[in-house]
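Listing of target-v1.cif, mmCIF, C-alpha atoms
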```cif
data_model
#
loop_
_atom_site.group_PDB
_atom_site.id
_atom_site.type_symbol
_atom_site.label_atom_id
_atom_site.label_comp_id
_atom_site.auth_asym_id
_atom_site.auth_seq_id
_atom_site.Cartn_x
_atom_site.Cartn_y
_atom_site.Cartn_z
ATOM 1 C CA MET A 7 40.008 25.969 -45.556
ATOM 2 C CA LYS A 8 41.207 26.760 -42.062
ATOM 3 C CA ILE A 9 39.132 27.314 -38.949
ATOM 4 C CA GLU A 10 40.024 29.090 -35.792
ATOM 5 C CA VAL A 11 38.365 28.134 -32.458
ATOM 6 C CA LYS A 12 37.518 31.404 -30.730
ATOM 7 C CA ASN A 13 35.783 29.941 -27.711
ATOM 8 C CA TRP A 14 33.898 26.818 -26.698
ATOM 9 C CA HIS A 15 31.381 25.697 -24.073
ATOM 10 C CA ALA A 16 31.592 22.306 -22.463
ATOM 11 C CA VAL A 17 28.272 20.593 -21.787
ATOM 12 C CA ALA A 18 27.934 17.720 -19.365
ATOM 13 C CA SER A 19 24.955 15.678 -18.301
ATOM 14 C CA TRP A 20 24.636 14.183 -14.855
ATOM 15 C CA THR A 21 22.419 11.898 -12.859
ATOM 16 C CA TRP A 22 22.197 10.671 -9.285
ATOM 17 C CA THR A 23 24.336 7.578 -8.685
ATOM 18 C CA THR A 24 21.603 5.332 -7.356
ATOM 19 C CA GLU A 25 20.709 1.853 -8.450
ATOM 20 C CA ASP A 26 16.974 2.419 -8.261
ATOM 21 C CA ASP A 27 15.361 5.319 -10.008
ATOM 22 C CA VAL A 28 12.448 6.325 -7.825
ATOM 23 C CA CYS A 29 12.213 7.871 -4.371
ATOM 24 C CA GLY A 30 10.856 5.352 -1.841
ATOM 25 C CA ILE A 31 8.555 8.005 -0.398
ATOM 26 C CA CYS A 32 6.982 9.953 -3.265
ATOM 27 C CA HIS A 33 7.603 7.237 -5.930
ATOM 28 C CA MET A 34 8.736 9.920 -8.392
ATOM 29 C CA PRO A 35 12.026 9.549 -10.297
ATOM 30 C CA LEU A 36 15.021 10.677 -8.250
ATOM 31 C CA ASP A 37 16.180 12.869 -11.108
ATOM 32 C CA GLY A 38 12.660 14.308 -11.386
ATOM 33 C CA CYS A 39 10.746 16.632 -9.106
ATOM 34 C CA ALA A 40 10.022 15.953 -5.452
ATOM 35 C CA PRO A 41 6.391 16.883 -4.622
ATOM 36 C CA GLY A 42 6.228 20.614 -4.076
ATOM 37 C CA ALA A 43 9.768 21.216 -5.330
ATOM 38 C CA PRO A 44 10.167 24.010 -7.876
ATOM 39 C CA GLY A 45 12.187 21.817 -10.224
ATOM 40 C CA PRO A 46 14.368 18.746 -10.641
ATOM 41 C CA GLY A 47 18.119 18.558 -10.043
ATOM 42 C CA ASP A 48 19.428 20.926 -7.382
ATOM 43 C CA ASP A 49 15.858 21.790 -6.355
ATOM 44 C CA SER A 50 15.106 18.114 -5.666
ATOM 45 C CA THR A 51 18.291 17.013 -3.974
ATOM 46 C CA VAL A 52 18.761 13.319 -3.243
ATOM 47 C CA VAL A 53 20.221 12.324 0.116
ATOM 48 C CA TRP A 54 21.556 9.060 1.469
ATOM 49 C CA GLY A 55 21.261 7.506 4.886
ATOM 50 C CA ARG A 56 23.968 5.529 6.634
ATOM 51 C CA CYS A 57 21.666 2.525 6.123
ATOM 52 C CA THR A 58 22.296 2.930 2.320
ATOM 53 C CA HIS A 59 18.727 4.028 1.502
ATOM 54 C CA TYR A 60 18.120 7.269 -0.334
ATOM 55 C CA PHE A 61 15.244 9.700 -0.861
ATOM 56 C CA HIS A 62 14.538 13.204 -2.033
ATOM 57 C CA LEU A 63 15.731 15.528 0.734
ATOM 58 C CA MET A 64 12.293 17.164 0.924
ATOM 59 C CA CYS A 65 10.547 13.796 1.264
ATOM 60 C CA ILE A 66 12.775 12.377 4.001
ATOM 61 C CA ASN A 67 12.735 15.680 5.910
ATOM 62 C CA THR A 68 8.943 15.654 6.086
ATOM 63 C CA TRP A 69 9.052 12.077 7.424
ATOM 64 C CA LEU A 70 11.794 12.844 9.980
ATOM 65 C CA HIS A 71 9.408 15.312 11.646
ATOM 66 C CA ASN A 72 7.267 12.258 12.515
ATOM 67 C CA LYS A 73 9.926 9.698 13.353
ATOM 68 C CA ASN A 74 13.698 9.566 13.124
ATOM 69 C CA THR A 75 13.851 6.264 11.236
ATOM 70 C CA CYS A 76 14.515 5.104 7.703
ATOM 71 C CA PRO A 77 11.131 4.475 6.024
ATOM 72 C CA ILE A 78 12.481 1.349 4.350
ATOM 73 C CA CYS A 79 14.518 -0.472 7.019
ATOM 74 C CA ARG A 80 13.319 1.371 10.177
ATOM 75 C CA ARG A 81 16.893 1.867 11.399
ATOM 76 C CA LYS A 82 17.702 5.168 13.076
ATOM 77 C CA TRP A 83 18.166 7.701 10.300
ATOM 78 C CA GLU A 84 21.650 9.210 9.935
ATOM 79 C CA PHE A 85 22.513 11.336 6.944
ATOM 80 C CA ALA A 86 25.491 9.990 5.030
ATOM 81 C CA SER A 87 27.538 11.239 2.138
ATOM 82 C CA ALA A 88 26.814 9.934 -1.327
ATOM 83 C CA PRO A 89 28.470 6.549 -1.798
ATOM 84 C CA LYS A 90 31.819 6.274 -3.516
ATOM 85 C CA PRO A 91 31.235 5.019 -7.049
ATOM 86 C CA ALA A 92 31.404 1.249 -7.057
ATOM 87 C CA PRO A 93 34.669 -0.076 -8.513
ATOM 88 C CA ALA A 94 34.125 -0.724 -12.191
ATOM 89 C CA THR A 95 34.326 -4.479 -12.527
ATOM 90 C CA PRO A 96 32.429 -5.413 -15.663
ATOM 91 C CA GLY A 97 29.672 -7.912 -15.023
ATOM 92 C CA VAL A 98 29.964 -7.800 -11.248
ATOM 93 C CA VAL A 99 27.211 -6.102 -9.302
ATOM 94 C CA ARG A 100 28.188 -5.683 -5.705
ATOM 95 C CA ASN A 101 25.607 -4.675 -3.137
ATOM 96 C CA ARG A 102 26.627 -1.501 -1.382
ATOM 97 C CA GLN A 103 27.496 -1.979 2.268
ATOM 98 C CA PRO A 104 26.847 0.572 5.038
ATOM 99 C CA ALA A 105 30.614 1.042 5.259
ATOM 100 C CA ASP A 106 30.476 2.602 1.785
ATOM 101 C CA PHE A 107 28.294 5.362 3.222
ATOM 102 C CA PRO A 108 30.290 7.465 5.641
ATOM 103 C CA THR A 109 28.152 9.598 7.962
ATOM 104 C CA GLU A 110 28.296 13.303 7.272
ATOM 105 C CA GLU A 111 30.614 13.996 10.255
ATOM 106 C CA ALA A 112 32.969 11.186 9.313
ATOM 107 C CA ALA A 113 33.048 12.399 5.734
ATOM 108 C CA GLU A 114 33.960 15.905 6.810
ATOM 109 C CA SER A 115 36.819 14.946 9.121
ATOM 110 C CA PRO A 116 40.212 15.025 7.393
ATOM 111 C CA ASP A 117 41.613 11.668 6.424
ATOM 112 C CA ALA A 118 44.066 10.422 9.033
ATOM 113 C CA MET B 230 -1.541 18.390 1.032
ATOM 114 C CA ALA B 231 -1.786 14.761 -0.073
ATOM 115 C CA ASP B 232 0.713 13.619 -2.693
ATOM 116 C CA ILE B 233 -1.605 13.324 -5.702
ATOM 117 C CA ASN B 234 1.047 11.960 -8.072
ATOM 118 C CA ARG B 235 1.936 9.137 -5.734
ATOM 119 C CA ILE B 236 -1.746 8.303 -5.161
ATOM 120 C CA LYS B 237 -2.398 8.108 -8.916
ATOM 121 C CA LYS B 238 0.643 5.880 -9.314
ATOM 122 C CA GLU B 239 -0.523 3.607 -6.511
ATOM 123 C CA LEU B 240 -3.954 3.225 -8.119
ATOM 124 C CA LYS B 241 -2.322 2.225 -11.397
ATOM 125 C CA ASP B 242 0.050 -0.252 -9.714
ATOM 126 C CA CYS B 243 -2.836 -1.923 -7.875
ATOM 127 C CA ALA B 244 -4.714 -2.427 -11.133
ATOM 128 C CA LYS B 245 -1.692 -4.066 -12.817
ATOM 129 C CA ASP B 246 -1.796 -7.484 -11.178
ATOM 130 C CA SER B 247 -5.230 -7.687 -9.585
ATOM 131 C CA GLU B 248 -5.757 -11.078 -11.280
ATOM 132 C CA THR B 249 -2.907 -12.772 -9.445
ATOM 133 C CA SER B 250 -2.714 -10.763 -6.213
ATOM 134 C CA GLY B 251 -6.306 -11.355 -5.105
ATOM 135 C CA LEU B 252 -6.531 -7.616 -4.426
ATOM 136 C CA GLU B 253 -8.668 -5.039 -6.095
ATOM 137 C CA VAL B 254 -9.131 -1.330 -5.531
ATOM 138 C CA LYS B 255 -11.301 1.336 -7.058
ATOM 139 C CA LEU B 256 -12.261 4.925 -6.387
ATOM 140 C CA VAL B 257 -15.667 5.549 -4.854
ATOM 141 C CA ASP B 258 -15.992 8.705 -6.907
ATOM 142 C CA GLU B 259 -13.667 9.439 -9.833
ATOM 143 C CA ALA B 260 -13.409 13.045 -8.666
ATOM 144 C CA ASN B 261 -12.068 12.124 -5.200
ATOM 145 C CA LEU B 262 -8.656 10.440 -5.130
ATOM 146 C CA LEU B 263 -8.740 10.136 -1.332
ATOM 147 C CA HIS B 264 -11.610 7.667 -0.932
ATOM 148 C CA TRP B 265 -11.037 4.114 -2.194
ATOM 149 C CA LYS B 266 -12.774 0.799 -1.838
ATOM 150 C CA GLY B 267 -10.622 -2.292 -1.745
ATOM 151 C CA ALA B 268 -11.493 -5.971 -1.966
ATOM 152 C CA ILE B 269 -9.361 -8.887 -0.802
ATOM 153 C CA LYS B 270 -9.905 -12.593 -1.225
ATOM 154 C CA GLY B 271 -10.045 -14.650 1.950
ATOM 155 C CA PRO B 272 -6.782 -16.620 2.197
ATOM 156 C CA ILE B 273 -6.936 -20.278 1.184
ATOM 157 C CA GLY B 274 -6.848 -22.729 4.084
ATOM 158 C CA THR B 275 -8.517 -20.296 6.507
ATOM 159 C CA PRO B 276 -12.179 -19.965 7.549
ATOM 160 C CA TYR B 277 -12.243 -16.897 5.277
ATOM 161 C CA GLU B 278 -11.521 -18.914 2.123
ATOM 162 C CA GLY B 279 -14.047 -18.307 -0.631
ATOM 163 C CA GLY B 280 -15.057 -14.891 0.698
ATOM 164 C CA ILE B 281 -14.497 -11.471 -0.800
ATOM 165 C CA PHE B 282 -13.874 -8.880 1.898
ATOM 166 C CA ARG B 283 -14.514 -5.240 1.113
ATOM 167 C CA ILE B 284 -12.397 -2.592 2.759
ATOM 168 C CA ASP B 285 -13.129 1.111 3.071
ATOM 169 C CA ILE B 286 -9.948 3.155 2.527
ATOM 170 C CA VAL B 287 -9.595 6.860 3.261
ATOM 171 C CA LEU B 288 -6.293 8.623 2.608
ATOM 172 C CA PRO B 289 -5.757 11.512 5.042
ATOM 173 C CA SER B 290 -4.569 14.824 3.645
ATOM 174 C CA ASP B 291 -0.961 14.248 4.765
ATOM 175 C CA TYR B 292 -0.742 10.753 3.243
ATOM 176 C CA PRO B 293 1.800 9.066 2.774
ATOM 177 C CA PHE B 294 3.332 10.516 5.948
ATOM 178 C CA VAL B 295 0.403 9.166 7.969
ATOM 179 C CA PRO B 296 -1.257 5.754 7.440
ATOM 180 C CA PRO B 297 -4.383 5.252 5.321
ATOM 181 C CA LYS B 298 -7.563 4.807 7.374
ATOM 182 C CA MET B 299 -8.911 1.331 6.694
ATOM 183 C CA LYS B 300 -11.885 -0.631 7.961
ATOM 184 C CA TYR B 301 -13.805 -3.695 6.871
ATOM 185 C CA ASP B 302 -17.117 -2.942 5.138
ATOM 186 C CA THR B 303 -17.798 -6.680 5.022
ATOM 187 C CA LYS B 304 -18.643 -8.211 8.379
ATOM 188 C CA ILE B 305 -15.938 -10.599 9.560
ATOM 189 C CA TRP B 306 -15.330 -12.803 12.622
ATOM 190 C CA HIS B 307 -11.686 -12.228 13.485
ATOM 191 C CA PRO B 308 -9.832 -11.468 16.766
ATOM 192 C CA ASN B 309 -8.197 -8.315 15.390
ATOM 193 C CA ILE B 310 -11.220 -6.876 13.606
ATOM 194 C CA SER B 311 -14.300 -5.515 15.337
ATOM 195 C CA SER B 312 -17.303 -7.715 14.567
ATOM 196 C CA GLU B 313 -19.445 -4.589 15.098
ATOM 197 C CA SER B 314 -17.669 -1.785 13.278
ATOM 198 C CA GLY B 315 -15.041 -3.461 11.102
ATOM 199 C CA ALA B 316 -12.282 -1.452 12.862
ATOM 200 C CA ILE B 317 -8.867 -3.060 12.414
ATOM 201 C CA CYS B 318 -6.105 -3.520 14.994
ATOM 202 C CA LEU B 319 -2.890 -3.728 12.989
ATOM 203 C CA ASP B 320 0.376 -2.022 13.943
ATOM 204 C CA ILE B 321 1.310 -0.824 10.451
ATOM 205 C CA LEU B 322 -1.993 1.047 10.230
ATOM 206 C CA LYS B 323 -1.031 2.860 13.431
ATOM 207 C CA ASN B 324 2.394 3.450 15.006
ATOM 208 C CA GLU B 325 4.369 1.238 12.671
ATOM 209 C CA TRP B 326 3.294 2.956 9.467
ATOM 210 C CA SER B 327 6.110 4.039 7.147
ATOM 211 C CA PRO B 328 5.821 6.124 3.974
ATOM 212 C CA ALA B 329 7.615 3.316 2.142
ATOM 213 C CA LEU B 330 4.432 1.256 2.582
ATOM 214 C CA THR B 331 1.480 1.628 0.217
ATOM 215 C CA VAL B 332 -2.239 0.867 0.185
ATOM 216 C CA ARG B 333 -1.335 -2.281 -1.724
ATOM 217 C CA THR B 334 1.158 -3.488 0.889
ATOM 218 C CA ALA B 335 -1.336 -2.618 3.649
ATOM 219 C CA LEU B 336 -3.995 -4.769 1.938
ATOM 220 C CA ILE B 337 -1.454 -7.600 1.662
ATOM 221 C CA SER B 338 -0.825 -7.201 5.401
ATOM 222 C CA LEU B 339 -4.567 -7.528 5.998
ATOM 223 C CA GLN B 340 -4.532 -10.773 4.029
ATOM 224 C CA ALA B 341 -1.658 -11.950 6.225
ATOM 225 C CA LEU B 342 -3.575 -10.919 9.355
ATOM 226 C CA MET B 343 -6.523 -13.031 8.181
ATOM 227 C CA SER B 344 -4.162 -16.015 7.850
ATOM 228 C CA ALA B 345 -2.484 -15.403 11.189
ATOM 229 C CA PRO B 346 -4.657 -13.676 13.816
ATOM 230 C CA GLU B 347 -2.967 -12.130 16.866
ATOM 231 C CA PRO B 348 -5.384 -12.985 19.726
ATOM 232 C CA ASP B 349 -3.063 -11.397 22.299
ATOM 233 C CA ASP B 350 -3.508 -7.961 20.729
ATOM 234 C CA PRO B 351 -7.245 -8.123 20.124
ATOM 235 C CA GLN B 352 -9.675 -5.640 18.666
ATOM 236 C CA ASP B 353 -12.676 -7.839 19.435
ATOM 237 C CA ALA B 354 -12.266 -9.392 22.884
ATOM 238 C CA VAL B 355 -15.144 -11.850 22.432
ATOM 239 C CA VAL B 356 -13.690 -13.287 19.237
ATOM 240 C CA ALA B 357 -10.191 -13.370 20.718
ATOM 241 C CA LYS B 358 -11.401 -15.300 23.766
ATOM 242 C CA GLN B 359 -13.185 -17.819 21.540
ATOM 243 C CA TYR B 360 -10.110 -18.116 19.299
ATOM 244 C CA LYS B 361 -7.958 -19.036 22.308
ATOM 245 C CA GLU B 362 -10.404 -21.126 24.308
ATOM 246 C CA SER B 363 -12.513 -22.969 21.771
ATOM 247 C CA HIS B 364 -10.754 -22.838 18.451
ATOM 248 C CA ASP B 365 -13.184 -25.134 16.614
ATOM 249 C CA GLU B 366 -16.069 -22.858 17.571
ATOM 250 C CA TYR B 367 -14.116 -19.875 16.304
ATOM 251 C CA CYS B 368 -13.469 -21.594 12.962
ATOM 252 C CA ALA B 369 -17.120 -22.546 12.581
ATOM 253 C CA THR B 370 -18.361 -19.030 13.351
ATOM 254 C CA ALA B 371 -15.773 -17.383 11.107
ATOM 255 C CA LYS B 372 -16.721 -19.749 8.284
ATOM 256 C CA PHE B 373 -20.422 -19.096 8.807
ATOM 257 C CA TRP B 374 -19.840 -15.324 8.696
ATOM 258 C CA THR B 375 -17.767 -15.713 5.538
ATOM 259 C CA GLU B 376 -20.565 -17.651 3.842
ATOM 260 C CA THR B 377 -23.246 -15.275 5.093
ATOM 261 C CA TYR B 378 -21.608 -11.889 4.565
ATOM 262 C CA ALA B 379 -18.603 -12.321 2.278
ATOM 263 C CA SER B 380 -19.870 -14.750 -0.299
ATOM 264 C CA PRO B 381 -19.351 -13.378 -3.793
ATOM 265 C CA LYS B 382 -22.628 -15.065 -4.650
ATOM 266 C CA MET B 383 -25.558 -12.710 -4.411
ATOM 267 C CA PRO B 384 -28.486 -13.504 -2.147
ATOM 268 C CA GLY B 385 -31.466 -14.448 -4.268
ATOM 269 C CA LEU B 386 -29.363 -15.285 -7.311
ATOM 270 C CA ASP B 387 -30.024 -19.017 -6.978
ATOM 271 C CA MET B 388 -33.763 -18.408 -6.993
ATOM 272 C CA LEU B 389 -33.614 -16.297 -10.136
ATOM 273 C CA LEU B 390 -31.423 -18.907 -11.830
ATOM 274 C CA SER B 391 -33.861 -21.671 -10.892
ATOM 275 C CA MET B 392 -36.615 -19.657 -12.576
ATOM 276 C CA GLY B 393 -34.619 -19.879 -15.772
ATOM 277 C CA PHE B 394 -33.133 -16.385 -16.052
ATOM 278 C CA GLY B 395 -29.605 -16.160 -17.438
ATOM 279 C CA GLU B 396 -26.835 -15.557 -14.880
ATOM 280 C CA GLU B 397 -25.530 -12.321 -16.358
ATOM 281 C CA LYS B 398 -28.994 -10.814 -16.671
ATOM 282 C CA ALA B 399 -30.009 -11.929 -13.188
ATOM 283 C CA LYS B 400 -26.857 -10.460 -11.620
ATOM 284 C CA ALA B 401 -27.306 -7.174 -13.449
ATOM 285 C CA ALA B 402 -30.929 -6.949 -12.351
ATOM 286 C CA LEU B 403 -30.019 -7.641 -8.702
ATOM 287 C CA LEU B 404 -27.317 -4.971 -8.743
ATOM 288 C CA LYS B 405 -29.698 -2.489 -10.330
ATOM 289 C CA CYS B 406 -32.346 -3.178 -7.699
ATOM 290 C CA ASP B 407 -29.978 -2.975 -4.687
ATOM 291 C CA MET B 408 -30.173 -6.763 -4.152
ATOM 292 C CA ASN B 409 -33.939 -6.686 -3.756
ATOM 293 C CA VAL B 410 -34.985 -10.049 -5.229
ATOM 294 C CA ASP B 411 -38.627 -9.167 -5.809
ATOM 295 C CA ALA B 412 -37.781 -5.942 -7.604
ATOM 296 C CA ALA B 413 -35.137 -7.736 -9.670
ATOM 297 C CA MET B 414 -37.645 -10.423 -10.637
ATOM 298 C CA GLU B 415 -40.180 -7.816 -11.735
ATOM 299 C CA ALA B 416 -37.529 -6.031 -13.761
ATOM 300 C CA LEU B 417 -36.524 -9.284 -15.462
ATOM 301 C CA LEU B 418 -40.135 -10.218 -16.184
ATOM 302 C CA SER B 419 -40.952 -6.820 -17.670
ATOM 303 C CA GLU B 420 -37.880 -7.137 -19.886
ATOM 304 C CA ALA B 421 -38.894 -10.533 -21.234
#
```

Using structure tokens, write down the structure that the file contains.
Amino acid sequence: MKIEVKNWHAVASWTWTTEDDVCGICHMPLDGCAPGAPGPGDDSTVVWGRCTHYFHLMCINTWLHNKNTCPICRRKWEFASAPKPAPATPGVVRNRQPADFPTEEAAESPDA
Amino acid sequence: MADINRIKKELKDCAKDSETSGLEVKLVDEANLLHWKGAIKGPIGTPYEGGIFRIDIVLPSDYPFVPPKMKYDTKIWHPNISSESGAICLDILKNEWSPALTVRTALISLQALMSAPEPDDPQDAVVAKQYKESHDEYCATAKFWTETYASPKMPGLDMLLSMGFGEEKAKAALLKCDMNVDAAMEALLSEA
């Protein structure tokens, strides 16, 4: 018997690359729904700060109206890009450093 | 709109380790998630040792972006707590609140405040003055208030016990009669 592949659909699953699984503000899973969000995933985006802490975008935005600080470490809040995946060294867990979290502007500028 | 899911989660987390943490919370009315009562044990080695201090907790509608409103229901002699109203002077319940804090962490901070008063940022000026100028007096008064108002023992319980009623029954009767000893005694006698 022979088969012929006429077409195929790739399916991928994804998750946020964080080491903790709940938002520090709403305490809901980061890959779940932020309060008031229509759904998980793209509707409940996760954002990082330069200080390495991360929250649902909706949650941190509500807080930033009150005070421009990180709720966890109280440093001035600066949005950063998602961290580069940690180098895969089996058995070694390295704490992420602020340097791993480029600020949005720095991330957008072309590499010199 | 208060974050109901987070509030429910917080209630559950508080219940988890109430045995070891010395903290307890419960809802005043099951139908209202925004009004809690908390209880904290007086820290060991302080004049508050041996007392149970009850705290009234109201979560505003935009909690957790604003702090919970807390005050002592139990009278306490402490520089940072009003001896009249139970109002608390603590930075994290005001300007230094952060949504990463919880009712549980706020109650732990109250325990810490009881261990380490801040007389230079007083809520009750009379207590603060005494704390700074005659510390022994302060300790004696605080201890007396703990024994008088925060003792987990119920007033009148000793008398009922000396009359030969069982402890459980006597406590239940006192609770039922709003701590009125005479009414509790009558209730116990009519039961017997």

Could you make a table, as JSON lines, of the residues of chain A that have an atom within 7 Å of an atom of chain B, each with its nearest atom pair and distance in Å to one decimal, counting only C-alpha atoms, in chain and number order?
```
{"residue": "A:Gly30", "atom": "CA", "partner": "B:Ala329", "partner_atom": "CA", "distance": 5.5}
{"residue": "A:Ile31", "atom": "CA", "partner": "B:Ala329", "partner_atom": "CA", "distance": 5.4}
{"residue": "A:Cys32", "atom": "CA", "partner": "B:Arg235", "partner_atom": "CA", "distance": 5.7}
{"residue": "A:His33", "atom": "CA", "partner": "B:Arg235", "partner_atom": "CA", "distance": 6.0}
{"residue": "A:Pro41", "atom": "CA", "partner": "B:Asp232", "partner_atom": "CA", "distance": 6.8}
{"residue": "A:Trp69", "atom": "CA", "partner": "B:Phe294", "partner_atom": "CA", "distance": 6.1}
{"residue": "A:Pro77", "atom": "CA", "partner": "B:Ser327", "partner_atom": "CA", "distance": 5.2}
{"residue": "A:Ile78", "atom": "CA", "partner": "B:Ala329", "partner_atom": "CA", "distance": 5.7}
```

Just-selected residues, C-alpha atoms written as a short mmCIF file (atom, residue, chain, number, x, y, z; two decimals), keeping the file's coordinate frame:
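Now in selection22.cif:
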```
data_model
loop_
_atom_site.label_atom_id
_atom_site.label_comp_id
_atom_site.auth_asym_id
_atom_site.auth_seq_id
_atom_site.Cartn_x
_atom_site.Cartn_y
_atom_site.Cartn_z
CA GLY A 30 10.86 5.35 -1.84
CA ILE A 31 8.56 8.01 -0.40
CA CYS A 32 6.98 9.95 -3.26
CA HIS A 33 7.60 7.24 -5.93
CA PRO A 41 6.39 16.88 -4.62
CA TRP A 69 9.05 12.08 7.42
CA PRO A 77 11.13 4.47 6.02
CA ILE A 78 12.48 1.35 4.35
#
```

Just so the selection is clear, what residues does the PyMOL selection byres ((chain B and resi 394-406) around 12) cover here, as a PyMOL selection string? chain B and resi 381-393+407-421

What do you get, as number ranges by chain, if you spell out every residue that the PyMOL selection byres ((chain A and resi 29) around 9) selects here? A: 26-28, 30-36, 40, 52, 60-62, 65

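Taking atom CA of B:Arg333 and atom CA of B:Asp291 as the two end points, the separation is 17.8 Å.
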
Which residues are near stretch 296-298 of chain B? Cut-off 7 Å, all atoms listed in the file, ignore same chain within fewer than 3 positions. Put them as a PyMOL selection string. chain B and resi 286-289+292-293+322-323+326

Give as a PyMOL selection string each residue that has an atom at most 12 Å from (18.1, 7.3, 14.8) in the file, counting all atoms listed in the file. chain A and resi 55-57+70+73-77+79-85

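Atom CA of B:Ile321 to atom CA of A:Thr58 spans 22.8 Å [interatomic distance, one decimal].
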
Translate the PyMOL selection byres ((chain B and resi 246-254) around 6) into a concrete residue list for this structure, as an mmCIF file with C-alpha atoms, in the coordinates of the input.
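Written file, selection.cif:
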```cif
data_model
loop_
_atom_site.group_PDB
_atom_site.id
_atom_site.type_symbol
_atom_site.label_atom_id
_atom_site.label_comp_id
_atom_site.auth_asym_id
_atom_site.auth_seq_id
_atom_site.Cartn_x
_atom_site.Cartn_y
_atom_site.Cartn_z
ATOM 1 C CA ALA B 244 -4.714 -2.427 -11.133
ATOM 2 C CA LYS B 245 -1.692 -4.066 -12.817
ATOM 3 C CA LYS B 255 -11.301 1.336 -7.058
ATOM 4 C CA LYS B 266 -12.774 0.799 -1.838
ATOM 5 C CA GLY B 267 -10.622 -2.292 -1.745
ATOM 6 C CA ALA B 268 -11.493 -5.971 -1.966
ATOM 7 C CA ILE B 269 -9.361 -8.887 -0.802
ATOM 8 C CA LYS B 270 -9.905 -12.593 -1.225
#
```

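Of the listed residues B:Leu256, B:Met343, B:Asp365, B:Ser314, the one whose atoms come nearest to B:Gly280 is B:Met343, with distances taken using only C-alpha atoms.
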
Can you tell me which residues surround B:Ile310 at a distance of at most 9 Å, considering all atoms listed in the file, apart from same-chain residues fewer than 3 positions away, and format the answer as a PyMOL selection string? chain B and resi 300-301+305-307+313-319+351-353+356

Distance query B:His364 at most 12 Å, only C-alpha atoms, self and fewer than 5 positions along chain excluded, as an NGL selection string: :B and (276 or 307-308 or 346 or 348 or 356-359 or 369-371)
